[in-house]
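Notes for the one structure printed next.
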Amino acid sequence: MSGDKPFSQACENNKEPILAELKRVLVKHRHVLEVGSGSGQHAIHFAANLPHLNWYCSDVENYHHGINQWIDDYPSANLHRPFALKLARDEWVKGPVKLNTTGIESSSEVFDAIFSANTAHIMLEHEIKALMHSVSDNLPSGGVFCQYGPFIVDGKFTSDSNRAFHEKLLDSGRGGYRDIDELAGWAPKLVLHEKVDMPANNLMLVWRSA
Ligand SMILES: C[S@@+](CC[C@H](N)C(=O)[O-])C[C@H]1O[C@@H](n2cnc3c(N)ncnc32)[C@H](O)[C@@H]1O
């Protein structure tokens with residue numbers, strides 16, 4: 001076991017409530033792309049507990065070492081090593097990829113589910129726009145996009161602490177919280193099917209291809 005893995009207490013706190021939603025929503029799906037896998041804690045937990053799915057991690061390169069450390073310690077046959085995906089820089093990857101010595105090799109299958117947690121308020125506007133557009137354009141019929149995190153609902157923050165954190169994010173050069181209507185406007189081919197209240201003033205948005 002590697003003792004210096006990245007650790008997020010928030011992931012430990014939210015992984016069970018998120019898993020309960022994924023178990024309910026991703027019943028018939030096969031290939032999940034996780035955008036912004038972060039520490040990798042979500043990926044190892046969800047892959048181990050959703051064995052019918054293939055879980056594909058992605059993030060910007062500097063997160064890969066930590067994600068790989070978690071995968072080394074908690075491997076699952078259905079859990080795949082991270083590949084580089086930075087929205088607004090990289091081309092969208094449409095389906096399962098294999099990493100080989102010469103780079104990425106794509107298969108003919110497509111991701112029929114996308115998961116992303118706590119990324120919408122971190123990304124800059126052009127990046128989150130690119131994410132919403134890419135999912136909208138590429139999710140096949142029957143596909144689902146599960147987007148977890150804090151959001152602005154009908155122009156309002158869901159708590160004072162969320163408003164304060166939004167201000168802090170803007171001060172530090174991050175994109176800040178997004179209104180759900182704004183996200184929907186960038187994803188014309190998606191329909192927001194569910195907006196599930198989650199602990200700590202977070203939401204799980206369940207988008208489906210129209
Ligand atoms: C707050 S962390 C969340 C990590 C993890 N999903 C979680 O819930 O703990 C935000 C993540 O978004 C990723 N991210 C930020 N901008 C991105 C971009 N343009 N494309 C892809 N990922 C991005 C970061 O690298 C980081 O992993």
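Every chain in the structure tokens has a letter given in the order shown (A, B, ...), and although residue numbers restart at 1 in each chain, ligands are simply numbered from 1 in the order shown.
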Counting only C-alpha atoms and all ligand atoms, which residues of chain A fall within 7 Å of ligand 1, and what is the closest atom pair for each with its distance in Å at one decimal, ordered by chain and rising number, as CSV?
residue,atom,partner,partner_atom_place_in_ligand_line,distance
A:Ser8,CA,ligand 1,9 (O),6.4
A:Ala10,CA,ligand 1,9 (O),6.8
A:Cys11,CA,ligand 1,9 (O),5.4
A:Val35,CA,ligand 1,22 (N),5.9
A:Gly36,CA,ligand 1,13 (C),4.1
A:Ser37,CA,ligand 1,6 (N),4.5
A:Gly38,CA,ligand 1,27 (O),3.4
A:Ser39,CA,ligand 1,9 (O),6.2
A:Asp59,CA,ligand 1,22 (N),5.0
A:Val60,CA,ligand 1,25 (O),5.3
A:Tyr63,CA,ligand 1,25 (O),6.5
A:Leu85,CA,ligand 1,21 (C),5.6
A:Lys86,CA,ligand 1,20 (N),3.4
A:Leu87,CA,ligand 1,20 (N),3.9
A:Ala88,CA,ligand 1,19 (N),6.1
A:Ser116,CA,ligand 1,6 (N),6.0
A:Ala117,CA,ligand 1,6 (N),4.2
A:Asn118,CA,ligand 1,3 (C),4.6
A:Thr119,CA,ligand 1,12 (O),4.3
A:Ile122,CA,ligand 1,15 (C),5.6
A:Met123,CA,ligand 1,16 (N),4.5
A:Glu127,CA,ligand 1,19 (N),5.0
Residues from last step as file, C-alpha atoms, as a PDB file, in the first residue's frame:
ATOM      1  CA  SER A   8      -9.820  13.943  -0.144  1.00  0.00           C
ATOM      2  CA  ALA A  10     -14.910  15.207   0.840  1.00  0.00           C
ATOM      3  CA  CYS A  11     -14.670  12.114  -1.384  1.00  0.00           C
ATOM      4  CA  VAL A  35     -14.150  13.532 -16.244  1.00  0.00           C
ATOM      5  CA  GLY A  36     -11.831  15.047 -13.639  1.00  0.00           C
ATOM      6  CA  SER A  37     -11.130  11.917 -11.564  1.00  0.00           C
ATOM      7  CA  GLY A  38      -9.112  14.002  -9.097  1.00  0.00           C
ATOM      8  CA  SER A  39      -7.584  11.900  -6.327  1.00  0.00           C
ATOM      9  CA  ASP A  59      -7.969  14.094 -15.800  1.00  0.00           C
ATOM     10  CA  VAL A  60      -5.179  16.516 -16.565  1.00  0.00           C
ATOM     11  CA  TYR A  63      -3.397  13.984 -11.361  1.00  0.00           C
ATOM     12  CA  LEU A  85      -8.483  14.815 -20.967  1.00  0.00           C
ATOM     13  CA  LYS A  86      -8.450  18.550 -20.407  1.00  0.00           C
ATOM     14  CA  LEU A  87     -11.622  20.156 -21.672  1.00  0.00           C
ATOM     15  CA  ALA A  88     -11.096  23.003 -24.128  1.00  0.00           C
ATOM     16  CA  SER A 116     -18.137  14.159 -13.266  1.00  0.00           C
ATOM     17  CA  ALA A 117     -17.979  15.356  -9.667  1.00  0.00           C
ATOM     18  CA  ASN A 118     -17.058  18.805  -8.445  1.00  0.00           C
ATOM     19  CA  THR A 119     -15.669  19.989 -11.744  1.00  0.00           C
ATOM     20  CA  ILE A 122     -13.575  24.594 -10.907  1.00  0.00           C
ATOM     21  CA  MET A 123     -13.469  24.813 -14.708  1.00  0.00           C
ATOM     22  CA  GLU A 127     -13.913  24.650 -20.257  1.00  0.00           C
TER      23      GLU A 127
END
Quick one: contact table of range 12-49 of chain A to range 145-151 of chain A, 12 Å max, nearest atom pair and distance in Å to one decimal per residue, counting only C-alpha atoms, chain and number order, as CSV?
residue,atom,partner,partner_atom,distance
A:Asn14,CA,A:Tyr148,CA,10.0
A:Lys15,CA,A:Tyr148,CA,10.9
A:Pro17,CA,A:Tyr148,CA,10.7
A:Ile18,CA,A:Tyr148,CA,8.0
A:Leu19,CA,A:Cys146,CA,11.2
A:Glu21,CA,A:Cys146,CA,9.0
A:Leu22,CA,A:Cys146,CA,7.9
A:Lys23,CA,A:Cys146,CA,11.5
A:Arg24,CA,A:Cys146,CA,11.4
A:Val25,CA,A:Cys146,CA,8.6
A:Leu26,CA,A:Cys146,CA,9.1
A:His29,CA,A:Phe145,CA,11.1
A:His31,CA,A:Phe145,CA,11.8
A:Val32,CA,A:Phe145,CA,9.3
A:Leu33,CA,A:Phe145,CA,9.5
A:Glu34,CA,A:Cys146,CA,9.6
A:Val35,CA,A:Gln147,CA,9.7
A:Gly36,CA,A:Gln147,CA,11.2
A:His42,CA,A:Tyr148,CA,11.8
Write out as a ChimeraX atom specification the residues lying within 9 Å of Trp207 in chain A, counting only C-alpha atoms and excluding same-chain residues fewer than 3 positions away. /A:143-147,190-195,210
List the spatial neighbours of range 91-98 of chain A as a list in words - criterion: any atom at most 10 Å away, only C-alpha atoms, same-chain residues fewer than 6 positions off excluded. His31, Val32, Leu33, Asn54, Trp55, Tyr56, His80, Arg81, Pro82, Phe83, Ala84, Leu85, Ile104, Glu105, Ser106, Ser107, Ser108, Glu109, Val110, Phe111, Asp112, Ala130, Leu131, Ser134, Val135, Asp137, Asn138, Leu139 and Pro140 of chain A
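You can rank A:Lys5, A:His126, A:Lys189, A:Arg208 by their closest distance to Trp70 in chain A using only C-alpha atoms, and at the top of that list sits A:Lys5.
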Enter the distance from CA of Lys28 in chain A to CA of Ala113 in chain A, in Å, rounded to one decimal. 9.8 Å
Neighbouring residues of Ala77 in chain A were defined as those with any atom within 9 Å, considering only C-alpha atoms; residues of the same chain fewer than 6 positions away were excluded. Please report them as JSON, numbers by chain. {"A": [47, 48, 51, 54]}
Would you save the residues of that selection, restricted to N, CA and C atoms, as an mmCIF file, in the first residue's frame?
data_model
loop_
_atom_site.group_PDB
_atom_site.id
_atom_site.type_symbol
_atom_site.label_atom_id
_atom_site.label_comp_id
_atom_site.auth_asym_id
_atom_site.auth_seq_id
_atom_site.Cartn_x
_atom_site.Cartn_y
_atom_site.Cartn_z
ATOM 1 N N ALA A 47 -15.966 1.660 -9.146
ATOM 2 C CA ALA A 47 -15.680 0.480 -9.983
ATOM 3 C C ALA A 47 -15.873 -0.802 -9.168
ATOM 4 N N ALA A 48 -15.416 -0.795 -7.915
ATOM 5 C CA ALA A 48 -15.531 -2.007 -7.087
ATOM 6 C C ALA A 48 -16.988 -2.334 -6.776
ATOM 7 N N PRO A 51 -19.841 -3.564 -10.544
ATOM 8 C CA PRO A 51 -19.025 -4.453 -11.381
ATOM 9 C C PRO A 51 -19.553 -4.647 -12.804
ATOM 10 N N ASN A 54 -17.702 -0.689 -16.906
ATOM 11 C CA ASN A 54 -16.273 -0.428 -17.094
ATOM 12 C C ASN A 54 -16.051 1.031 -16.776
#
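Residues in contact with Leu183 in chain A at up to 9 Å, not including ones fewer than 6 positions away on its chain and judged by only C-alpha atoms, are Ile128, Lys129 and Met132 of chain A.
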Would you give me, as a PyMOL selection string, the residues in range 27-209 of chain A that DSSP reads as alpha helix (DSSP H)? chain A and resi 41-49+64-73+125-138+160-171+180-185
If you keep N, CA and C atoms, can you produce a file of those selected residues as a compact mmCIF listing (two decimals), in the first residue's frame?
# COMPACT_ATOMS: atom_id res chain seq x y z
N GLN A 41 -10.13 8.44 -5.66
CA GLN A 41 -10.90 7.70 -4.64
C GLN A 41 -12.28 7.31 -5.14
N HIS A 42 -12.95 8.22 -5.86
CA HIS A 42 -14.27 7.87 -6.38
C HIS A 42 -14.17 6.68 -7.33
N ALA A 43 -13.20 6.74 -8.22
CA ALA A 43 -13.09 5.70 -9.25
C ALA A 43 -12.93 4.32 -8.63
N ILE A 44 -12.06 4.19 -7.63
CA ILE A 44 -11.83 2.84 -7.09
C ILE A 44 -13.08 2.36 -6.33
N HIS A 45 -13.78 3.27 -5.70
CA HIS A 45 -14.97 2.88 -4.94
C HIS A 45 -16.12 2.51 -5.89
N PHE A 46 -16.32 3.31 -6.91
CA PHE A 46 -17.45 3.04 -7.80
C PHE A 46 -17.19 1.81 -8.67
N ALA A 47 -15.97 1.66 -9.15
CA ALA A 47 -15.68 0.48 -9.98
C ALA A 47 -15.87 -0.80 -9.17
N ALA A 48 -15.42 -0.79 -7.91
CA ALA A 48 -15.53 -2.01 -7.09
C ALA A 48 -16.99 -2.33 -6.78
N ASN A 49 -17.82 -1.31 -6.70
CA ASN A 49 -19.21 -1.53 -6.28
C ASN A 49 -20.20 -1.54 -7.43
N HIS A 64 -2.52 12.12 -12.69
CA HIS A 64 -2.47 10.70 -13.04
C HIS A 64 -1.68 9.86 -12.04
N HIS A 65 -0.60 10.41 -11.52
CA HIS A 65 0.22 9.62 -10.59
C HIS A 65 -0.61 9.19 -9.37
N GLY A 66 -1.34 10.15 -8.80
CA GLY A 66 -2.15 9.83 -7.62
C GLY A 66 -3.26 8.83 -7.94
N ILE A 67 -3.92 9.02 -9.08
CA ILE A 67 -5.00 8.08 -9.47
C ILE A 67 -4.40 6.68 -9.62
N ASN A 68 -3.24 6.62 -10.27
CA ASN A 68 -2.59 5.31 -10.46
C ASN A 68 -2.18 4.67 -9.13
N GLN A 69 -1.79 5.49 -8.17
CA GLN A 69 -1.45 4.93 -6.84
C GLN A 69 -2.68 4.27 -6.22
N TRP A 70 -3.84 4.93 -6.32
CA TRP A 70 -5.07 4.32 -5.78
C TRP A 70 -5.42 3.04 -6.53
N ILE A 71 -5.24 3.07 -7.87
CA ILE A 71 -5.57 1.87 -8.66
C ILE A 71 -4.60 0.73 -8.32
N ASP A 72 -3.33 1.07 -8.10
CA ASP A 72 -2.36 0.03 -7.72
C ASP A 72 -2.78 -0.66 -6.41
N ASP A 73 -3.27 0.13 -5.47
CA ASP A 73 -3.63 -0.42 -4.16
C ASP A 73 -5.00 -1.11 -4.16
N GLU A 125 -15.01 29.21 -17.73
CA GLU A 125 -16.25 29.18 -18.53
C GLU A 125 -16.07 28.43 -19.85
N HIS A 126 -14.97 28.68 -20.56
CA HIS A 126 -14.81 28.02 -21.86
C HIS A 126 -14.62 26.51 -21.68
N GLU A 127 -14.12 26.09 -20.49
CA GLU A 127 -13.91 24.65 -20.26
C GLU A 127 -15.24 23.94 -19.93
N ILE A 128 -16.02 24.55 -19.06
CA ILE A 128 -17.29 23.90 -18.72
C ILE A 128 -18.25 23.93 -19.92
N LYS A 129 -18.15 25.01 -20.70
CA LYS A 129 -18.95 25.06 -21.95
C LYS A 129 -18.55 23.89 -22.85
N ALA A 130 -17.22 23.67 -22.97
CA ALA A 130 -16.73 22.58 -23.82
C ALA A 130 -17.21 21.23 -23.29
N LEU A 131 -17.24 21.08 -21.95
CA LEU A 131 -17.71 19.80 -21.39
C LEU A 131 -19.19 19.59 -21.74
N MET A 132 -20.00 20.61 -21.51
CA MET A 132 -21.44 20.45 -21.76
C MET A 132 -21.70 20.19 -23.25
N HIS A 133 -21.01 20.94 -24.11
CA HIS A 133 -21.18 20.74 -25.56
C HIS A 133 -20.74 19.34 -25.98
N SER A 134 -19.61 18.90 -25.44
CA SER A 134 -19.06 17.60 -25.85
C SER A 134 -19.98 16.46 -25.42
N VAL A 135 -20.47 16.55 -24.18
CA VAL A 135 -21.37 15.48 -23.71
C VAL A 135 -22.65 15.52 -24.55
N SER A 136 -23.16 16.72 -24.76
CA SER A 136 -24.39 16.89 -25.54
C SER A 136 -24.25 16.29 -26.94
N ASP A 137 -23.11 16.54 -27.56
CA ASP A 137 -22.92 16.09 -28.95
C ASP A 137 -22.59 14.61 -29.06
N ASN A 138 -22.04 14.02 -28.01
CA ASN A 138 -21.51 12.66 -28.15
C ASN A 138 -22.23 11.58 -27.38
N ASP A 160 -25.37 29.86 2.24
CA ASP A 160 -24.43 30.98 2.37
C ASP A 160 -23.00 30.51 2.19
N SER A 161 -22.74 29.28 2.68
CA SER A 161 -21.36 28.79 2.55
C SER A 161 -21.02 28.55 1.07
N ASN A 162 -22.02 28.16 0.28
CA ASN A 162 -21.76 27.99 -1.15
C ASN A 162 -21.47 29.34 -1.81
N ARG A 163 -22.21 30.36 -1.41
CA ARG A 163 -21.95 31.70 -1.98
C ARG A 163 -20.53 32.15 -1.63
N ALA A 164 -20.13 31.92 -0.36
CA ALA A 164 -18.80 32.34 0.09
C ALA A 164 -17.71 31.58 -0.69
N PHE A 165 -17.94 30.29 -0.91
CA PHE A 165 -16.94 29.49 -1.63
C PHE A 165 -16.84 29.94 -3.09
N HIS A 166 -17.98 30.28 -3.67
CA HIS A 166 -18.01 30.79 -5.05
C HIS A 166 -17.12 32.04 -5.17
N GLU A 167 -17.27 32.95 -4.21
CA GLU A 167 -16.48 34.19 -4.23
C GLU A 167 -14.99 33.86 -4.13
N LYS A 168 -14.69 32.89 -3.26
CA LYS A 168 -13.30 32.48 -3.07
C LYS A 168 -12.72 31.89 -4.38
N LEU A 169 -13.54 31.10 -5.05
CA LEU A 169 -13.09 30.49 -6.32
C LEU A 169 -12.80 31.57 -7.35
N LEU A 170 -13.68 32.55 -7.44
CA LEU A 170 -13.47 33.63 -8.42
C LEU A 170 -12.18 34.38 -8.09
N ASP A 171 -11.97 34.64 -6.78
CA ASP A 171 -10.75 35.37 -6.37
C ASP A 171 -9.48 34.59 -6.73
N ILE A 180 -27.77 26.05 -13.18
CA ILE A 180 -28.17 24.86 -13.94
C ILE A 180 -28.74 25.27 -15.31
N ASP A 181 -29.45 26.39 -15.36
CA ASP A 181 -30.03 26.84 -16.64
C ASP A 181 -28.93 27.20 -17.65
N GLU A 182 -27.85 27.75 -17.11
CA GLU A 182 -26.70 28.10 -17.96
C GLU A 182 -26.09 26.82 -18.56
N LEU A 183 -25.95 25.80 -17.70
CA LEU A 183 -25.41 24.51 -18.17
C LEU A 183 -26.31 23.93 -19.25
N ALA A 184 -27.61 24.00 -19.01
CA ALA A 184 -28.57 23.43 -19.98
C ALA A 184 -28.46 24.15 -21.32
N GLY A 185 -28.22 25.46 -21.27
CA GLY A 185 -28.09 26.24 -22.50
C GLY A 185 -26.89 25.82 -23.34
DSSP on the backbone: what in range 86-203 of chain A comes out strand (DSSP E or B), as a compact mmCIF listing (two decimals) with N, CA and C atoms, in the first residue's frame?
# COMPACT_ATOMS: atom_id res chain seq x y z
N VAL A 97 -10.82 3.60 -24.25
CA VAL A 97 -9.49 3.71 -24.83
C VAL A 97 -8.56 2.73 -24.13
N LYS A 98 -7.57 2.31 -24.87
CA LYS A 98 -6.51 1.50 -24.26
C LYS A 98 -5.26 2.34 -24.34
N LEU A 99 -4.46 2.30 -23.27
CA LEU A 99 -3.20 3.01 -23.32
C LEU A 99 -2.14 2.01 -23.76
N ASN A 100 -1.45 2.33 -24.84
CA ASN A 100 -0.35 1.45 -25.24
C ASN A 100 0.92 2.27 -25.36
N GLY A 103 0.71 5.43 -27.36
CA GLY A 103 -0.32 6.44 -27.04
C GLY A 103 -1.67 5.80 -26.79
N ILE A 104 -2.74 6.50 -27.21
CA ILE A 104 -4.09 6.03 -26.94
C ILE A 104 -4.64 5.29 -28.15
N GLU A 105 -5.25 4.16 -27.89
CA GLU A 105 -5.88 3.40 -28.97
C GLU A 105 -7.38 3.33 -28.66
N SER A 106 -8.20 3.78 -29.57
CA SER A 106 -9.65 3.79 -29.30
C SER A 106 -10.29 2.51 -29.77
N ALA A 113 -22.20 6.43 -20.62
CA ALA A 113 -22.43 7.18 -19.38
C ALA A 113 -21.20 8.05 -19.12
N ILE A 114 -21.47 9.23 -18.60
CA ILE A 114 -20.40 10.16 -18.20
C ILE A 114 -20.66 10.51 -16.74
N PHE A 115 -19.60 10.55 -15.95
CA PHE A 115 -19.72 10.98 -14.55
C PHE A 115 -18.69 12.08 -14.32
N SER A 116 -19.10 13.12 -13.63
CA SER A 116 -18.14 14.16 -13.27
C SER A 116 -18.57 14.79 -11.95
N ALA A 117 -17.66 14.82 -11.00
CA ALA A 117 -17.98 15.36 -9.67
C ALA A 117 -17.11 16.57 -9.37
N VAL A 144 -26.46 8.57 -20.30
CA VAL A 144 -26.72 9.39 -19.11
C VAL A 144 -25.46 10.15 -18.72
N PHE A 145 -25.66 11.38 -18.29
CA PHE A 145 -24.56 12.18 -17.73
C PHE A 145 -24.93 12.51 -16.29
N CYS A 146 -24.15 11.96 -15.35
CA CYS A 146 -24.37 12.23 -13.92
C CYS A 146 -23.35 13.28 -13.50
N GLN A 147 -23.86 14.43 -13.13
CA GLN A 147 -23.01 15.57 -12.79
C GLN A 147 -23.28 15.96 -11.34
N TYR A 148 -22.27 15.74 -10.50
CA TYR A 148 -22.43 15.97 -9.06
C TYR A 148 -21.70 17.24 -8.64
N GLY A 149 -22.26 17.94 -7.69
CA GLY A 149 -21.54 19.09 -7.13
C GLY A 149 -22.49 20.15 -6.63
N ILE A 152 -25.82 26.65 -8.81
CA ILE A 152 -26.79 27.72 -8.57
C ILE A 152 -28.11 27.25 -9.15
N VAL A 153 -29.18 27.38 -8.35
CA VAL A 153 -30.49 26.90 -8.79
C VAL A 153 -31.42 28.10 -8.95
N LYS A 156 -30.15 31.27 -7.60
CA LYS A 156 -29.86 31.39 -6.15
C LYS A 156 -28.84 30.34 -5.70
N ASP A 179 -25.02 28.21 -12.87
CA ASP A 179 -26.46 28.03 -12.78
C ASP A 179 -26.85 26.86 -13.67
N LEU A 190 -29.20 17.64 -24.51
CA LEU A 190 -29.44 16.92 -23.24
C LEU A 190 -30.72 17.42 -22.59
N VAL A 191 -31.36 16.52 -21.88
CA VAL A 191 -32.55 16.89 -21.09
C VAL A 191 -32.22 16.59 -19.63
N LEU A 192 -32.51 17.57 -18.77
CA LEU A 192 -32.26 17.34 -17.34
C LEU A 192 -33.44 16.54 -16.78
N HIS A 193 -33.18 15.26 -16.50
CA HIS A 193 -34.26 14.38 -16.03
C HIS A 193 -34.47 14.47 -14.54
N GLU A 194 -33.35 14.62 -13.81
CA GLU A 194 -33.48 14.63 -12.35
C GLU A 194 -32.48 15.60 -11.75
N LYS A 195 -32.92 16.17 -10.63
CA LYS A 195 -32.05 17.08 -9.86
C LYS A 195 -32.19 16.59 -8.43
N VAL A 196 -31.25 15.74 -8.02
CA VAL A 196 -31.39 15.04 -6.74
C VAL A 196 -30.65 15.79 -5.65
N ASP A 197 -31.35 16.10 -4.56
CA ASP A 197 -30.69 16.75 -3.41
C ASP A 197 -29.74 15.76 -2.77
N MET A 198 -28.52 16.22 -2.52
CA MET A 198 -27.49 15.38 -1.90
C MET A 198 -27.02 16.06 -0.63
N ASN A 202 -25.25 19.77 -1.91
CA ASN A 202 -24.85 19.41 -3.27
C ASN A 202 -26.04 18.82 -4.01
N LEU A 203 -25.85 18.66 -5.32
CA LEU A 203 -26.91 18.08 -6.15
C LEU A 203 -26.30 17.03 -7.07
